>>> print(open('entry.txt').read())   # compact mmCIF, C-alpha atoms
# COMPACT_ATOMS: atom_id res chain seq x y z
CA SER A 1 -89.33 28.71 49.77
CA GLN A 2 -91.88 28.90 47.01
CA GLN A 3 -91.61 29.03 43.26
CA GLY A 4 -94.14 29.74 40.57
CA GLU A 5 -94.09 28.12 37.18
CA GLU A 6 -95.27 30.27 34.31
CA ASP A 7 -96.96 28.90 31.22
CA PRO A 8 -96.54 29.25 28.31
CA GLN A 9 -92.80 29.86 28.12
CA ALA A 10 -93.33 32.14 25.14
CA LEU A 11 -96.32 33.86 23.56
CA SER A 12 -96.54 35.83 20.31
CA ILE A 13 -99.66 37.84 19.48
CA GLN A 14 -100.79 40.74 17.30
CA GLU A 15 -101.28 44.20 18.70
CA GLY A 16 -104.82 44.60 19.94
CA GLU A 17 -105.24 40.96 20.93
CA ASN A 18 -105.49 39.76 24.49
CA ALA A 19 -102.63 37.89 26.14
CA THR A 20 -103.15 35.31 28.86
CA MET A 21 -100.39 33.73 30.88
CA ASN A 22 -100.70 31.27 33.72
CA CYS A 23 -98.88 30.51 36.93
CA SER A 24 -98.96 27.37 39.04
CA TYR A 25 -97.46 26.85 42.47
CA LYS A 26 -97.25 24.06 45.01
CA THR A 27 -97.76 25.26 48.59
CA SER A 28 -100.03 27.63 50.51
CA ILE A 29 -99.60 31.32 49.87
CA ASN A 30 -100.31 34.64 51.54
CA ASN A 31 -100.37 36.45 48.20
CA LEU A 32 -99.23 36.15 44.61
CA GLN A 33 -97.42 38.91 42.74
CA TRP A 34 -96.89 39.51 39.05
CA TYR A 35 -93.88 41.33 37.65
CA ARG A 36 -92.83 42.55 34.20
CA GLN A 37 -89.27 42.77 32.91
CA ASN A 38 -88.49 44.75 29.81
CA SER A 39 -85.34 43.80 27.97
CA GLY A 40 -82.26 44.97 29.81
CA ARG A 41 -84.17 46.36 32.79
CA GLY A 42 -85.07 45.31 36.30
CA LEU A 43 -88.38 43.76 37.25
CA VAL A 44 -91.35 46.04 37.77
CA HIS A 45 -94.18 45.07 40.09
CA LEU A 46 -97.54 44.94 38.33
CA ILE A 47 -100.12 43.64 40.75
CA LEU A 48 -100.46 41.79 44.05
CA ILE A 49 -103.45 39.56 44.79
CA ARG A 50 -104.02 38.25 48.28
CA SER A 51 -105.07 34.69 49.04
CA ASN A 52 -108.57 35.79 50.04
CA GLU A 53 -109.12 37.59 46.73
CA ARG A 54 -110.28 35.90 43.52
CA GLU A 55 -109.83 38.66 40.99
CA LYS A 56 -108.08 41.98 40.74
CA HIS A 57 -107.87 44.63 38.05
CA SER A 58 -105.35 47.32 37.26
CA GLY A 59 -105.85 49.22 34.03
CA ARG A 60 -105.61 46.67 31.20
CA LEU A 61 -104.46 43.96 33.58
CA ARG A 62 -106.73 41.36 35.12
CA VAL A 63 -105.41 38.80 37.57
CA THR A 64 -107.31 35.81 38.89
CA LEU A 65 -106.35 33.49 41.70
CA ASP A 66 -107.69 30.00 42.39
CA THR A 67 -106.16 28.78 45.63
CA SER A 68 -107.92 25.42 45.38
CA LYS A 69 -106.09 24.75 42.10
CA LYS A 70 -102.97 26.62 43.21
CA SER A 71 -103.00 28.68 40.06
CA SER A 72 -103.22 32.24 38.84
CA SER A 73 -103.63 33.90 35.50
CA LEU A 74 -102.66 37.29 34.13
CA LEU A 75 -104.71 38.73 31.31
CA ILE A 76 -103.50 41.74 29.36
CA THR A 77 -106.29 43.17 27.24
CA ALA A 78 -105.80 45.08 23.99
CA SER A 79 -102.07 44.37 23.92
CA ARG A 80 -99.63 46.98 22.66
CA ALA A 81 -96.13 46.61 21.29
CA ALA A 82 -94.91 48.20 24.53
CA ASP A 83 -96.25 45.17 26.43
CA THR A 84 -93.47 43.08 24.88
CA ALA A 85 -91.58 41.82 27.92
CA SER A 86 -91.08 38.83 30.20
CA TYR A 87 -93.67 38.27 32.89
CA PHE A 88 -93.00 36.52 36.17
CA CYS A 89 -95.28 35.34 38.93
CA LEU A 90 -94.18 35.17 42.53
CA PRO A 91 -96.22 33.13 44.98
CA ALA A 92 -95.38 34.48 48.43
CA ALA A 93 -95.78 32.68 51.73
CA GLY A 94 -96.09 35.88 53.74
CA ALA A 95 -93.89 37.50 56.33
CA GLY A 96 -90.92 35.33 57.11
CA GLY A 97 -91.39 33.31 53.93
CA PHE A 98 -87.91 33.98 52.71
CA LYS A 99 -85.84 32.69 49.85
CA THR A 100 -88.02 34.12 47.12
CA ILE A 101 -87.63 32.10 43.97
CA PHE A 102 -88.62 33.39 40.56
CA GLY A 103 -89.45 31.01 37.72
CA ALA A 104 -88.28 31.37 34.14
CA GLY A 105 -91.24 33.57 33.19
CA THR A 106 -93.39 33.96 30.11
CA ARG A 107 -91.84 35.88 27.22
CA LEU A 108 -94.54 37.91 25.50
CA PHE A 109 -93.97 39.37 22.05
CA VAL A 110 -96.59 41.74 20.71
CA LYS A 111 -96.31 42.36 16.98
CA ALA A 112 -97.23 45.80 15.71
CA ASN B 1 -87.03 59.48 45.63
CA ALA B 2 -84.59 57.48 43.51
CA GLY B 3 -85.84 53.99 44.51
CA VAL B 4 -83.17 51.29 44.21
CA THR B 5 -79.85 52.41 42.74
CA GLN B 6 -77.20 49.98 41.56
CA THR B 7 -73.66 50.81 40.59
CA PRO B 8 -71.83 50.20 38.37
CA LYS B 9 -74.13 49.44 35.43
CA PHE B 10 -71.45 47.50 33.56
CA GLN B 11 -68.20 45.88 34.67
CA VAL B 12 -65.60 43.60 33.12
CA LEU B 13 -63.30 41.68 35.42
CA LYS B 14 -60.52 39.21 35.03
CA THR B 15 -60.70 35.81 36.68
CA GLY B 16 -59.53 36.03 40.27
CA GLN B 17 -60.24 39.72 40.73
CA SER B 18 -62.56 40.88 43.48
CA MET B 19 -65.10 43.66 43.37
CA THR B 20 -68.11 45.07 45.16
CA LEU B 21 -71.47 45.74 43.56
CA GLN B 22 -73.25 48.59 45.26
CA CYS B 23 -76.95 48.80 46.04
CA ALA B 24 -78.73 51.64 47.82
CA GLN B 25 -82.40 52.35 48.46
CA ASP B 26 -84.04 55.48 49.83
CA MET B 27 -87.43 54.01 50.75
CA ASN B 28 -86.52 52.90 54.29
CA HIS B 29 -87.14 49.28 53.34
CA GLU B 30 -86.07 46.62 55.81
CA TYR B 31 -85.82 43.76 53.35
CA MET B 32 -83.13 43.77 50.65
CA SER B 33 -81.91 41.05 48.36
CA TRP B 34 -79.51 40.21 45.57
CA TYR B 35 -80.36 38.09 42.54
CA ARG B 36 -78.50 36.94 39.50
CA GLN B 37 -80.14 36.38 36.13
CA ASP B 38 -78.53 34.28 33.44
CA PRO B 39 -79.66 34.44 29.80
CA GLY B 40 -83.22 33.25 29.26
CA MET B 41 -83.71 32.38 32.90
CA GLY B 42 -85.46 33.69 35.92
CA LEU B 43 -83.84 35.30 38.91
CA ARG B 44 -81.94 33.25 41.48
CA LEU B 45 -81.58 34.57 45.01
CA ILE B 46 -77.99 35.00 46.18
CA HIS B 47 -78.28 36.63 49.61
CA TYR B 48 -80.90 38.58 51.47
CA SER B 49 -81.23 40.78 54.54
CA VAL B 50 -84.22 41.47 56.78
CA GLY B 51 -82.62 44.49 58.42
CA ALA B 52 -79.38 46.18 59.35
CA GLY B 53 -76.90 43.67 60.75
CA ILE B 54 -78.88 40.64 59.58
CA THR B 55 -78.07 38.67 56.43
CA ASP B 56 -78.72 35.15 55.21
CA GLN B 57 -78.00 32.92 52.25
CA GLY B 58 -80.29 32.39 49.33
CA GLU B 59 -80.30 29.74 46.64
CA VAL B 60 -76.84 30.40 45.12
CA PRO B 61 -74.61 32.06 47.76
CA ASN B 62 -71.24 30.46 46.98
CA GLY B 63 -68.59 32.92 45.87
CA TYR B 64 -70.43 35.97 47.22
CA ASN B 65 -70.41 37.90 50.48
CA VAL B 66 -72.80 40.55 51.74
CA SER B 67 -73.05 42.92 54.68
CA ARG B 68 -75.78 45.27 55.89
CA SER B 69 -74.39 47.99 58.12
CA THR B 70 -77.18 50.46 57.33
CA THR B 71 -80.81 50.20 56.28
CA GLU B 72 -80.02 51.97 53.00
CA ASP B 73 -77.06 49.97 51.67
CA PHE B 74 -76.58 46.32 50.80
CA PRO B 75 -73.32 45.71 48.89
CA LEU B 76 -72.52 42.41 47.22
CA ARG B 77 -68.89 41.35 47.13
CA LEU B 78 -67.37 38.88 44.71
CA LEU B 79 -64.42 37.35 46.50
CA SER B 80 -62.50 35.85 43.56
CA ALA B 81 -64.34 36.28 40.29
CA ALA B 82 -64.92 33.24 38.08
CA PRO B 83 -66.31 33.05 34.52
CA SER B 84 -69.37 31.24 35.93
CA GLN B 85 -70.27 34.47 37.71
CA THR B 86 -70.80 36.27 34.44
CA SER B 87 -74.39 37.40 34.78
CA VAL B 88 -76.72 40.31 35.34
CA TYR B 89 -77.10 41.14 39.02
CA PHE B 90 -80.22 42.74 40.44
CA CYS B 91 -80.78 44.26 43.84
CA ALA B 92 -84.29 44.57 45.27
CA SER B 93 -85.92 45.98 48.36
CA SER B 94 -89.27 45.73 50.08
CA TYR B 95 -90.97 46.85 53.28
CA GLU B 96 -91.34 43.20 54.18
CA GLU B 97 -90.49 40.05 52.28
CA GLY B 98 -93.42 37.93 51.31
CA THR B 99 -96.19 40.45 51.91
CA GLN B 100 -95.19 43.53 49.96
CA PRO B 101 -93.99 44.15 46.39
CA GLN B 102 -90.29 44.24 45.69
CA HIS B 103 -88.64 47.22 44.02
CA PHE B 104 -85.77 46.39 41.69
CA GLY B 105 -82.75 48.28 40.49
CA ASP B 106 -81.80 48.26 36.82
CA GLY B 107 -79.02 45.77 37.29
CA THR B 108 -75.28 45.44 36.94
CA ARG B 109 -74.03 43.58 33.89
CA LEU B 110 -70.90 41.73 34.90
CA SER B 111 -68.53 39.87 32.59
CA ILE B 112 -65.68 37.76 33.91
CA LEU B 113 -62.93 36.98 31.41
>>> encode(input="entry.txt", output="structure tokens")
Amino acid sequence: SQQGEEDPQALSIQEGENATMNCSYKTSINNLQWYRQNSGRGLVHLILIRSNEREKHSGRLRVTLDTSKKSSSLLITASRAADTASYFCLPAAGAGGFKTIFGAGTRLFVKA
Amino acid sequence: NAGVTQTPKFQVLKTGQSMTLQCAQDMNHEYMSWYRQDPGMGLRLIHYSVGAGITDQGEVPNGYNVSRSTTEDFPLRLLSAAPSQTSVYFCASSYEEGTQPQHFGDGTRLSIL
């Protein structure tokens, strides 16, 4: 099994600012996934970055992966109030790497 | 294409009662899983399945049973509800665990009195 640890636990920013959250993990991965959870809803997949990739973009999201440091970061540019949510990283060992474990996440609050 | 559907959305039980939480997906995903989320915490894996007829335990399986008779359905059964099982339960599915994104339902909010 594999678990990511998100940092910081909580983040409060003004609308329009960028938000950066980090993820660290302990063992080798096949890929790392980021998810968002709005209050009272299920998790929504945001982006998947494979172990042979260093950076990936999706709209206002930018994810980096440093396998040598076993860390990843998620950058949300030009934050909006609607980005207020909890964000989770999921380091995945690949097919057969069962017992997915989510960390406690980063709670982002974007003030309008 | 409804994705992952969980029913009911809310449920209140008395201690000792049993019930089944339903989960269905229409994406032909092989991998399905159940999580529980307690306030301010991440998700903990209860049980998972890699295909019809195959299930296994996750991190916190005690007090729960699952079965997978079809690809589409993965019900979670509480055998004898306890207050410690008060939580929000999420079902998820994926083409393959560990290599593909998971799709989550909107959860079942369960209170045990």
>>> closest_residue(input="entry.txt", among="A:Ile101, A:Ala93, A:Ile76, A:Leu11", to="Ser58 (chain A)", atoms="all atoms listed in the file")
A:Ile76
>>> closest_atom_pairs(input="entry.txt", of="chain B", to="chain A", cutoff="6 Å", atoms="all atoms listed in the file", output="Markdown table")
| residue | atom | partner | partner_atom | distance |
| --- | --- | --- | --- | --- |
| B:Met41 | CA | A:Ala104 | CA | 4.8 |
| B:Gly42 | CA | A:Ala104 | CA | 4.1 |
| B:Leu43 | CA | A:Phe102 | CA | 5.4 |
| B:Gly58 | CA | A:Lys99 | CA | 5.6 |
| B:Glu97 | CA | A:Ala95 | CA | 5.9 |
| B:Gly98 | CA | A:Gly94 | CA | 4.2 |
| B:Thr99 | CA | A:Gly94 | CA | 4.9 |
| B:Phe104 | CA | A:Gly42 | CA | 5.5 |
| B:Gly105 | CA | A:Gly42 | CA | 5.6 |
| B:Asp106 | CA | A:Gly42 | CA | 4.4 |
>>> atom_distance(input="entry.txt", atom1="CA of Glu59 (chain B)", atom2="CA of Gln22 (chain B)")
20.2 Å
>>> atom_distance(input="entry.txt", atom1="CA of Ala92 (chain B)", atom2="CA of Arg60 (chain A)")
25.6 Å
>>> residues_around(input="entry.txt", residues="Ser73 (chain A)", least_positions_apart="3", cutoff="8 Å", atoms="only C-alpha atoms", output="JSON, numbers by chain")
{"A": [20, 21, 22, 23, 63, 64, 65]}
>>> write_last_selection(input="entry.txt", atoms="C-alpha atoms", output="PDB file, in the coordinates of the input")
ATOM      1  CA  THR A  20    -103.150  35.310  28.860  1.00  0.00           C
ATOM      2  CA  MET A  21    -100.390  33.730  30.880  1.00  0.00           C
ATOM      3  CA  ASN A  22    -100.700  31.270  33.720  1.00  0.00           C
ATOM      4  CA  CYS A  23     -98.880  30.510  36.930  1.00  0.00           C
ATOM      5  CA  VAL A  63    -105.410  38.800  37.570  1.00  0.00           C
ATOM      6  CA  THR A  64    -107.310  35.810  38.890  1.00  0.00           C
ATOM      7  CA  LEU A  65    -106.350  33.490  41.700  1.00  0.00           C
TER       8      LEU A  65
END
>>> closest_residue(input="entry.txt", among="A:Asn38, A:Ser79, A:Ser12, A:Ser68", to="Lys26 (chain A)", atoms="all atoms listed in the file")
A:Ser68
>>> atom_distance(input="entry.txt", atom1="CA of Leu45 (chain B)", atom2="CA of Pro8 (chain B)")
19.6 Å
>>> residues_around(input="entry.txt", residues="Leu79 (chain B)", least_positions_apart="2", cutoff="8 Å", atoms="all atoms listed in the file", output="list in words")
Gln17, Ser18, Met19, Gly63, Tyr64, Asn65, Arg77 and Ala81 of chain B
>>> closest_residue(input="entry.txt", among="A:Ile49, A:Leu61, A:Leu108, A:Ile13", to="Thr84 (chain A)", atoms="all atoms listed in the file")
A:Leu108
>>> residues_around(input="entry.txt", residues="Thr15 (chain B)", least_positions_apart="5", cutoff="12 Å", atoms="all atoms listed in the file", output="count of residues only")
13
>>> build_atoms(input="entry.txt", residues="region 24-37 of chain A", atoms="N, CA, C and O atoms", output="PDB file, in the coordinates of the input")
ATOM      1  N   SER A  24     -98.587  28.421  38.096  1.00  0.00           N
ATOM      2  CA  SER A  24     -98.960  27.370  39.040  1.00  0.00           C
ATOM      3  C   SER A  24     -97.926  27.330  40.159  1.00  0.00           C
ATOM      4  O   SER A  24     -96.757  27.678  39.947  1.00  0.00           O
ATOM      5  N   TYR A  25     -98.367  26.934  41.332  1.00  0.00           N
ATOM      6  CA  TYR A  25     -97.460  26.850  42.470  1.00  0.00           C
ATOM      7  C   TYR A  25     -97.853  25.655  43.317  1.00  0.00           C
ATOM      8  O   TYR A  25     -98.885  25.020  43.065  1.00  0.00           O
ATOM      9  N   LYS A  26     -97.057  25.336  44.327  1.00  0.00           N
ATOM     10  CA  LYS A  26     -97.250  24.060  45.010  1.00  0.00           C
ATOM     11  C   LYS A  26     -97.745  24.165  46.452  1.00  0.00           C
ATOM     12  O   LYS A  26     -98.414  23.249  46.949  1.00  0.00           O
ATOM     13  N   THR A  27     -97.387  25.223  47.175  1.00  0.00           N
ATOM     14  CA  THR A  27     -97.760  25.260  48.590  1.00  0.00           C
ATOM     15  C   THR A  27     -98.648  26.470  48.896  1.00  0.00           C
ATOM     16  O   THR A  27     -98.881  27.308  48.035  1.00  0.00           O
ATOM     17  N   SER A  28     -99.125  26.545  50.118  1.00  0.00           N
ATOM     18  CA  SER A  28    -100.030  27.630  50.510  1.00  0.00           C
ATOM     19  C   SER A  28     -99.358  28.986  50.395  1.00  0.00           C
ATOM     20  O   SER A  28     -98.160  29.105  50.620  1.00  0.00           O
ATOM     21  N   ILE A  29    -100.145  29.980  50.050  1.00  0.00           N
ATOM     22  CA  ILE A  29     -99.600  31.320  49.870  1.00  0.00           C
ATOM     23  C   ILE A  29    -100.350  32.351  50.703  1.00  0.00           C
ATOM     24  O   ILE A  29    -101.496  32.127  51.096  1.00  0.00           O
ATOM     25  N   ASN A  30     -99.682  33.452  50.942  1.00  0.00           N
ATOM     26  CA  ASN A  30    -100.310  34.640  51.540  1.00  0.00           C
ATOM     27  C   ASN A  30    -100.799  35.557  50.429  1.00  0.00           C
ATOM     28  O   ASN A  30    -101.850  36.185  50.546  1.00  0.00           O
ATOM     29  N   ASN A  31    -100.012  35.640  49.347  1.00  0.00           N
ATOM     30  CA  ASN A  31    -100.370  36.450  48.200  1.00  0.00           C
ATOM     31  C   ASN A  31     -99.585  35.985  46.987  1.00  0.00           C
ATOM     32  O   ASN A  31     -98.655  35.176  47.112  1.00  0.00           O
ATOM     33  N   LEU A  32     -99.960  36.480  45.837  1.00  0.00           N
ATOM     34  CA  LEU A  32     -99.230  36.150  44.610  1.00  0.00           C
ATOM     35  C   LEU A  32     -99.008  37.456  43.868  1.00  0.00           C
ATOM     36  O   LEU A  32     -99.932  38.273  43.733  1.00  0.00           O
ATOM     37  N   GLN A  33     -97.793  37.654  43.399  1.00  0.00           N
ATOM     38  CA  GLN A  33     -97.420  38.910  42.740  1.00  0.00           C
ATOM     39  C   GLN A  33     -97.026  38.624  41.285  1.00  0.00           C
ATOM     40  O   GLN A  33     -96.432  37.594  40.986  1.00  0.00           O
ATOM     41  N   TRP A  34     -97.332  39.577  40.438  1.00  0.00           N
ATOM     42  CA  TRP A  34     -96.890  39.510  39.050  1.00  0.00           C
ATOM     43  C   TRP A  34     -95.938  40.665  38.770  1.00  0.00           C
ATOM     44  O   TRP A  34     -96.172  41.800  39.216  1.00  0.00           O
ATOM     45  N   TYR A  35     -94.892  40.348  38.006  1.00  0.00           N
ATOM     46  CA  TYR A  35     -93.880  41.330  37.650  1.00  0.00           C
ATOM     47  C   TYR A  35     -93.663  41.306  36.143  1.00  0.00           C
ATOM     48  O   TYR A  35     -93.852  40.280  35.476  1.00  0.00           O
ATOM     49  N   ARG A  36     -93.211  42.431  35.608  1.00  0.00           N
ATOM     50  CA  ARG A  36     -92.830  42.550  34.200  1.00  0.00           C
ATOM     51  C   ARG A  36     -91.358  42.944  34.134  1.00  0.00           C
ATOM     52  O   ARG A  36     -90.877  43.733  34.951  1.00  0.00           O
ATOM     53  N   GLN A  37     -90.658  42.384  33.148  1.00  0.00           N
ATOM     54  CA  GLN A  37     -89.270  42.770  32.910  1.00  0.00           C
ATOM     55  C   GLN A  37     -89.093  43.094  31.438  1.00  0.00           C
ATOM     56  O   GLN A  37     -89.187  42.214  30.580  1.00  0.00           O
TER      57      GLN A  37
END
